[in-house]
Amino acid sequence: MATIKRSKLEEYLQDVETFSSPKISLEQYITPPHIAACMLHVAQSSFDDLNEKFVADLGCGSGMLSIGSLLLGSSFCIGFDIDADILNTYKSNMDEFEFANFDTVLCDVDKNDLSKFQKCFDTVLMNPPFGTHNKGIDMKFLKTAINLSSNAVYSLHKTSTRDHILSKIESWKIKGEVIAELRYDLPNSYKFHKKKSVDIAVDLYRFWDLRNKMV
């Protein structure tokens with residue numbers, strides 16, 4: 001079970017370097033340390049889905065979720081991202097934390113065939129794009145995550161999409177539920193942002209019953 005208190009895990013994650021020049025076309029936003037710590041601590045303490053598990057971090061960014069999962073005992077983590085620049089930051093962060101049990105895959109979830117990784121992972125973690133600038137990309141990420149995992153997927157989605165997501169997973173014959181309701185403090189990251197931050201209601205989901213399911 002979790003061997004690091006959530007508050008201590010959040011403290012460690014405060015040291016993860018994030019985006020220096022985020023790209024709006026990719027909807028690049030950091031996963032705040034308090035959100036990441038909550039997500040990961042629940043995954044381990046309530047479900048034992050990280051310790052000694054093979055983990056994928058889909059849309060990994062700079063590695064916030066990957067690093068947290070390794071701190072909680074994951075055996076190996078692979079970060080998938082479309083942005084070569086941020087994967088360099090991911091690798092740098094891993095080096096700073098002195099982790100060697102990781103790898104990266106440069107890919108576009110919307111275009112690349114990831115079938116060679118089908119059901120390879122115990123657990124998939126992700127904070128996918130919400131689909132504000134690329135409609136439907138959140139569900140493409142979810143489909144990919146389900147196809148990668150044989151055990152469980154943890155994912156963050158806007159609360160306003162809850163009915164749609166629950167309807168979709170029912171049609172896919174996947175089990176899932178909202179395990180936490182969180183507030184995502186989205187910082188002013190782009191020139192068009194007028195406010196210092198925006199508070200967004202988000203749901204943390206756990207999806208399971210995935211072993212032989214493809215969508």
# chains A, B, ... in the order shown; residues from 1 in each chain; ligands from 1
call {"tool": "residues_around", "arguments": {"residues": "Lys168 in chain A", "least_positions_apart": "6", "cutoff": "10 Å", "atoms": "only C-alpha atoms", "output": "MDAnalysis selection string"}}
result
chainID A and resid 139 162 174
call {"tool": "residues_around", "arguments": {"residues": "Val55 in chain A", "least_positions_apart": "4", "cutoff": "7 Å", "atoms": "only C-alpha atoms", "output": "MDAnalysis selection string"}}
result
chainID A and resid 74 76:78 121:124
call {"tool": "select_by_dssp", "arguments": {"residues": "range 57-144 of chain A", "states": "helix (DSSP H, G or I)", "output": "JSON, numbers by chain"}}
result
{"A": [64, 65, 66, 67, 68, 69, 70, 71, 84, 85, 86, 87, 88, 89, 90, 91, 92, 93, 94, 95, 96, 115, 116, 117, 137, 138, 139, 140, 141, 142, 143, 144]}
call {"tool": "write_last_selection", "arguments": {"atoms": "N, CA, C and O atoms", "output": "compact mmCIF listing (two decimals), in the first residue's frame"}}
result
# COMPACT_ATOMS: atom_id res chain seq x y z
N MET A 64 4.88 14.55 -14.21
CA MET A 64 4.33 14.68 -12.85
C MET A 64 3.75 13.35 -12.35
O MET A 64 4.06 12.89 -11.25
N LEU A 65 2.90 12.73 -13.17
CA LEU A 65 2.26 11.48 -12.75
C LEU A 65 3.24 10.32 -12.75
O LEU A 65 3.17 9.42 -11.89
N SER A 66 4.15 10.30 -13.72
CA SER A 66 5.15 9.23 -13.78
C SER A 66 6.02 9.23 -12.53
O SER A 66 6.26 8.18 -11.91
N ILE A 67 6.51 10.40 -12.16
CA ILE A 67 7.38 10.51 -11.00
C ILE A 67 6.64 10.12 -9.73
O ILE A 67 7.15 9.37 -8.89
N GLY A 68 5.41 10.58 -9.60
CA GLY A 68 4.62 10.20 -8.44
C GLY A 68 4.39 8.71 -8.35
O GLY A 68 4.46 8.12 -7.26
N SER A 69 4.12 8.07 -9.50
CA SER A 69 3.88 6.62 -9.49
C SER A 69 5.15 5.87 -9.09
O SER A 69 5.09 4.88 -8.35
N LEU A 70 6.31 6.33 -9.55
CA LEU A 70 7.57 5.68 -9.18
C LEU A 70 7.89 5.90 -7.71
O LEU A 70 8.42 5.00 -7.04
N LEU A 71 7.57 7.06 -7.19
CA LEU A 71 7.76 7.31 -5.76
C LEU A 71 6.90 6.37 -4.92
O LEU A 71 7.27 6.01 -3.80
N ALA A 84 8.26 16.37 -28.53
CA ALA A 84 9.64 15.95 -28.27
C ALA A 84 10.32 16.85 -27.25
O ALA A 84 11.14 16.38 -26.44
N ASP A 85 10.00 18.14 -27.26
CA ASP A 85 10.62 19.07 -26.31
C ASP A 85 10.26 18.71 -24.87
O ASP A 85 11.12 18.69 -23.98
N ILE A 86 8.98 18.43 -24.64
CA ILE A 86 8.57 18.14 -23.26
C ILE A 86 9.08 16.77 -22.82
O ILE A 86 9.32 16.55 -21.63
N LEU A 87 9.29 15.85 -23.76
CA LEU A 87 9.88 14.57 -23.38
C LEU A 87 11.32 14.74 -22.91
O LEU A 87 11.79 13.98 -22.05
N ASN A 88 12.01 15.74 -23.44
CA ASN A 88 13.36 16.05 -22.93
C ASN A 88 13.28 16.54 -21.49
O ASN A 88 14.12 16.18 -20.65
N THR A 89 12.25 17.36 -21.19
CA THR A 89 12.05 17.81 -19.82
C THR A 89 11.69 16.63 -18.92
O THR A 89 12.14 16.55 -17.77
N TYR A 90 10.87 15.73 -19.43
CA TYR A 90 10.49 14.51 -18.71
C TYR A 90 11.75 13.73 -18.30
O TYR A 90 11.91 13.35 -17.13
N LYS A 91 12.64 13.52 -19.26
CA LYS A 91 13.86 12.78 -18.98
C LYS A 91 14.73 13.51 -17.97
O LYS A 91 15.33 12.89 -17.07
N SER A 92 14.81 14.83 -18.10
CA SER A 92 15.59 15.63 -17.16
C SER A 92 15.03 15.52 -15.74
O SER A 92 15.78 15.38 -14.76
N ASN A 93 13.69 15.55 -15.62
CA ASN A 93 13.07 15.40 -14.31
C ASN A 93 13.36 14.02 -13.71
O ASN A 93 13.63 13.90 -12.51
N MET A 94 13.31 13.00 -14.54
CA MET A 94 13.62 11.65 -14.06
C MET A 94 15.06 11.57 -13.55
O MET A 94 15.34 10.95 -12.51
N ASP A 95 15.95 12.22 -14.26
CA ASP A 95 17.35 12.25 -13.82
C ASP A 95 17.48 12.97 -12.49
O ASP A 95 18.25 12.54 -11.62
N GLU A 96 16.76 14.07 -12.32
CA GLU A 96 16.82 14.83 -11.08
C GLU A 96 16.35 13.99 -9.89
O GLU A 96 16.87 14.10 -8.78
N SER A 115 -0.94 -0.33 -31.17
CA SER A 115 -1.42 -1.70 -30.94
C SER A 115 -0.32 -2.61 -30.39
O SER A 115 -0.62 -3.61 -29.74
N LYS A 116 0.95 -2.28 -30.65
CA LYS A 116 2.01 -3.14 -30.11
C LYS A 116 2.07 -3.08 -28.59
O LYS A 116 2.69 -3.95 -27.96
N PHE A 117 1.42 -2.06 -28.01
CA PHE A 117 1.37 -1.94 -26.55
C PHE A 117 0.04 -2.45 -26.00
O PHE A 117 -0.26 -2.24 -24.81
N ILE A 137 -10.84 14.92 -28.39
CA ILE A 137 -9.53 14.32 -28.12
C ILE A 137 -9.52 13.63 -26.76
O ILE A 137 -8.80 12.64 -26.56
N ASP A 138 -10.32 14.12 -25.80
CA ASP A 138 -10.37 13.48 -24.48
C ASP A 138 -10.86 12.04 -24.58
O ASP A 138 -10.33 11.14 -23.92
N MET A 139 -11.84 11.79 -25.46
CA MET A 139 -12.37 10.44 -25.61
C MET A 139 -11.41 9.56 -26.41
O MET A 139 -11.34 8.34 -26.18
N LYS A 140 -10.65 10.13 -27.32
CA LYS A 140 -9.63 9.36 -28.04
C LYS A 140 -8.55 8.91 -27.07
O LYS A 140 -8.05 7.78 -27.15
N PHE A 141 -8.18 9.79 -26.15
CA PHE A 141 -7.21 9.41 -25.12
C PHE A 141 -7.78 8.28 -24.26
O PHE A 141 -7.07 7.31 -23.93
N LEU A 142 -9.05 8.38 -23.89
CA LEU A 142 -9.64 7.36 -23.04
C LEU A 142 -9.69 6.01 -23.75
O LEU A 142 -9.38 4.98 -23.16
N LYS A 143 -10.07 6.01 -25.01
CA LYS A 143 -10.07 4.76 -25.78
C LYS A 143 -8.68 4.15 -25.81
O LYS A 143 -8.51 2.93 -25.61
N THR A 144 -7.68 4.96 -26.08
CA THR A 144 -6.30 4.46 -26.14
C THR A 144 -5.87 3.88 -24.80
O THR A 144 -5.27 2.81 -24.72
call {"tool": "residues_around", "arguments": {"residues": "Thr3 in chain A", "least_positions_apart": "3", "cutoff": "10 Å", "atoms": "only C-alpha atoms", "output": "ChimeraX atom specification"}}
result
/A:6,9,41,44-45,51,71-73
call {"tool": "write_last_selection", "arguments": {"atoms": "all heavy atoms", "output": "tab-separated table (two decimals), in the first residue's frame"}}
result
chain	number	residue	atom	x	y	z
A	6	ARG	N	0.15	11.54	1.59
A	6	ARG	CA	-0.22	12.39	0.45
A	6	ARG	C	0.44	13.76	0.53
A	6	ARG	O	0.89	14.30	-0.48
A	6	ARG	CB	-1.75	12.55	0.39
A	6	ARG	CG	-2.22	13.26	-0.89
A	6	ARG	CD	-3.72	13.23	-1.02
A	6	ARG	NE	-4.37	14.09	-0.04
A	6	ARG	CZ	-5.69	14.26	0.04
A	6	ARG	NH1	-6.49	13.59	-0.77
A	6	ARG	NH2	-6.22	15.07	0.93
A	9	LEU	N	4.00	13.37	-0.58
A	9	LEU	CA	4.06	13.15	-2.02
A	9	LEU	C	3.87	14.47	-2.76
A	9	LEU	O	4.61	14.77	-3.72
A	9	LEU	CB	2.96	12.15	-2.43
A	9	LEU	CG	2.89	11.78	-3.90
A	9	LEU	CD1	4.19	11.14	-4.39
A	9	LEU	CD2	1.70	10.85	-4.15
A	41	HIS	N	-2.22	8.91	-4.80
A	41	HIS	CA	-2.37	8.34	-3.47
A	41	HIS	C	-3.62	7.47	-3.39
A	41	HIS	O	-3.60	6.39	-2.79
A	41	HIS	CB	-2.42	9.46	-2.42
A	41	HIS	CG	-2.11	8.99	-1.03
A	41	HIS	ND1	-3.08	8.57	-0.15
A	41	HIS	CD2	-0.92	8.83	-0.38
A	41	HIS	CE1	-2.52	8.21	0.98
A	41	HIS	NE2	-1.22	8.34	0.88
A	44	GLN	N	-3.06	4.11	-5.18
A	44	GLN	CA	-2.26	3.14	-4.44
A	44	GLN	C	-2.93	2.74	-3.12
A	44	GLN	O	-3.08	1.55	-2.84
A	44	GLN	CB	-0.86	3.68	-4.18
A	44	GLN	CG	0.03	2.74	-3.39
A	44	GLN	CD	0.12	1.34	-3.97
A	44	GLN	OE1	0.02	1.15	-5.18
A	44	GLN	NE2	0.28	0.34	-3.11
A	45	SER	N	-3.34	3.71	-2.32
A	45	SER	CA	-3.83	3.38	-0.98
A	45	SER	C	-5.17	2.68	-1.00
A	45	SER	O	-5.45	1.83	-0.14
A	45	SER	CB	-3.92	4.65	-0.11
A	45	SER	OG	-4.85	5.56	-0.66
A	51	ASN	N	2.07	0.15	-6.81
A	51	ASN	CA	3.24	-0.55	-6.28
A	51	ASN	C	3.51	-1.83	-7.06
A	51	ASN	O	2.64	-2.69	-7.22
A	51	ASN	CB	3.03	-0.87	-4.80
A	51	ASN	CG	4.27	-1.44	-4.15
A	51	ASN	OD1	5.38	-0.96	-4.37
A	51	ASN	ND2	4.09	-2.48	-3.35
A	71	LEU	N	7.57	7.06	-7.19
A	71	LEU	CA	7.76	7.31	-5.76
A	71	LEU	C	6.90	6.37	-4.92
A	71	LEU	O	7.27	6.01	-3.80
A	71	LEU	CB	7.42	8.76	-5.42
A	71	LEU	CG	8.43	9.83	-5.88
A	71	LEU	CD1	7.83	11.22	-5.72
A	71	LEU	CD2	9.73	9.72	-5.08
A	72	LEU	N	5.76	5.95	-5.49
A	72	LEU	CA	4.86	5.05	-4.79
A	72	LEU	C	5.13	3.58	-5.13
A	72	LEU	O	4.32	2.71	-4.81
A	72	LEU	CB	3.41	5.41	-5.09
A	72	LEU	CG	2.93	6.72	-4.44
A	72	LEU	CD1	1.57	7.14	-4.96
A	72	LEU	CD2	2.88	6.57	-2.92
A	73	GLY	N	6.25	3.32	-5.80
A	73	GLY	CA	6.71	1.95	-5.94
A	73	GLY	C	6.45	1.26	-7.26
A	73	GLY	O	6.65	0.05	-7.36
call {"tool": "residues_around", "arguments": {"residues": "Ala180 in chain A", "least_positions_apart": "2", "cutoff": "8 Å", "atoms": "only C-alpha atoms", "output": "number ranges by chain"}}
result
A: 178, 182, 203-205
call {"tool": "write_last_selection", "arguments": {"atoms": "N, CA and C atoms", "output": "PDB file, in the first residue's frame"}}
result
ATOM      1  N   VAL A 178     -16.628   7.673 -10.795  1.00  0.00           N
ATOM      2  CA  VAL A 178     -15.939   8.847 -10.279  1.00  0.00           C
ATOM      3  C   VAL A 178     -15.529   8.543  -8.842  1.00  0.00           C
ATOM      4  N   LEU A 182     -12.746  17.007  -7.781  1.00  0.00           N
ATOM      5  CA  LEU A 182     -11.638  17.904  -7.477  1.00  0.00           C
ATOM      6  C   LEU A 182     -11.831  19.268  -8.112  1.00  0.00           C
ATOM      7  N   ASP A 203     -13.498  15.584 -12.486  1.00  0.00           N
ATOM      8  CA  ASP A 203     -13.741  14.277 -11.890  1.00  0.00           C
ATOM      9  C   ASP A 203     -12.512  13.402 -12.069  1.00  0.00           C
ATOM     10  N   LEU A 204     -12.167  12.669 -11.027  1.00  0.00           N
ATOM     11  CA  LEU A 204     -11.147  11.631 -11.132  1.00  0.00           C
ATOM     12  C   LEU A 204     -11.865  10.302 -11.280  1.00  0.00           C
ATOM     13  N   TYR A 205     -11.607   9.626 -12.397  1.00  0.00           N
ATOM     14  CA  TYR A 205     -12.235   8.339 -12.685  1.00  0.00           C
ATOM     15  C   TYR A 205     -11.258   7.188 -12.464  1.00  0.00           C
TER      16      TYR A 205
END
call {"tool": "select_by_dssp", "arguments": {"residues": "range 12-111 of chain A", "states": "strand (DSSP E)", "output": "list of chain:residue names"}}
result
A:Phe54, A:Val55, A:Ala56, A:Asp57, A:Leu58, A:Phe76, A:Cys77, A:Ile78, A:Gly79, A:Phe80, A:Asp81, A:Phe102, A:Asp103, A:Thr104, A:Val105, A:Leu106
call {"tool": "residues_around", "arguments": {"residues": "Arg211 in chain A", "least_positions_apart": "6", "cutoff": "9 Å", "atoms": "only C-alpha atoms", "output": "PyMOL selection string"}}
result
chain A and resi 119+147+149-152
call {"tool": "write_last_selection", "arguments": {"atoms": "N, CA and C atoms", "output": "PDB file, in the first residue's frame"}}
result
ATOM      1  N   LYS A 119      -2.759  -3.939 -24.119  1.00  0.00           N
ATOM      2  CA  LYS A 119      -2.870  -4.644 -22.832  1.00  0.00           C
ATOM      3  C   LYS A 119      -1.517  -4.942 -22.180  1.00  0.00           C
ATOM      4  N   ASN A 147      -7.292   0.521 -24.137  1.00  0.00           N
ATOM      5  CA  ASN A 147      -6.661  -0.502 -24.968  1.00  0.00           C
ATOM      6  C   ASN A 147      -5.242  -0.845 -24.509  1.00  0.00           C
ATOM      7  N   SER A 149      -4.289  -0.822 -21.189  1.00  0.00           N
ATOM      8  CA  SER A 149      -4.292  -1.377 -19.835  1.00  0.00           C
ATOM      9  C   SER A 149      -5.019  -2.710 -19.738  1.00  0.00           C
ATOM     10  N   SER A 150      -4.483  -3.592 -18.894  1.00  0.00           N
ATOM     11  CA  SER A 150      -5.146  -4.859 -18.594  1.00  0.00           C
ATOM     12  C   SER A 150      -5.813  -4.830 -17.224  1.00  0.00           C
ATOM     13  N   ASN A 151      -5.646  -3.716 -16.500  1.00  0.00           N
ATOM     14  CA  ASN A 151      -6.130  -3.686 -15.122  1.00  0.00           C
ATOM     15  C   ASN A 151      -6.964  -2.438 -14.816  1.00  0.00           C
ATOM     16  N   ALA A 152      -6.352  -1.258 -14.873  1.00  0.00           N
ATOM     17  CA  ALA A 152      -7.082  -0.057 -14.474  1.00  0.00           C
ATOM     18  C   ALA A 152      -6.547   1.184 -15.188  1.00  0.00           C
TER      19      ALA A 152
END
call {"tool": "residues_around", "arguments": {"residues": "range 199-201 of chain A", "least_positions_apart": "3", "cutoff": "9 Å", "atoms": "only C-alpha atoms", "output": "ChimeraX atom specification"}}
result
/A:157-160,181-187
call {"tool": "atom_distance", "arguments": {"atom1": "CA of Lys175 in chain A", "atom2": "CA of Leu156 in chain A"}}
result
15.8 Å
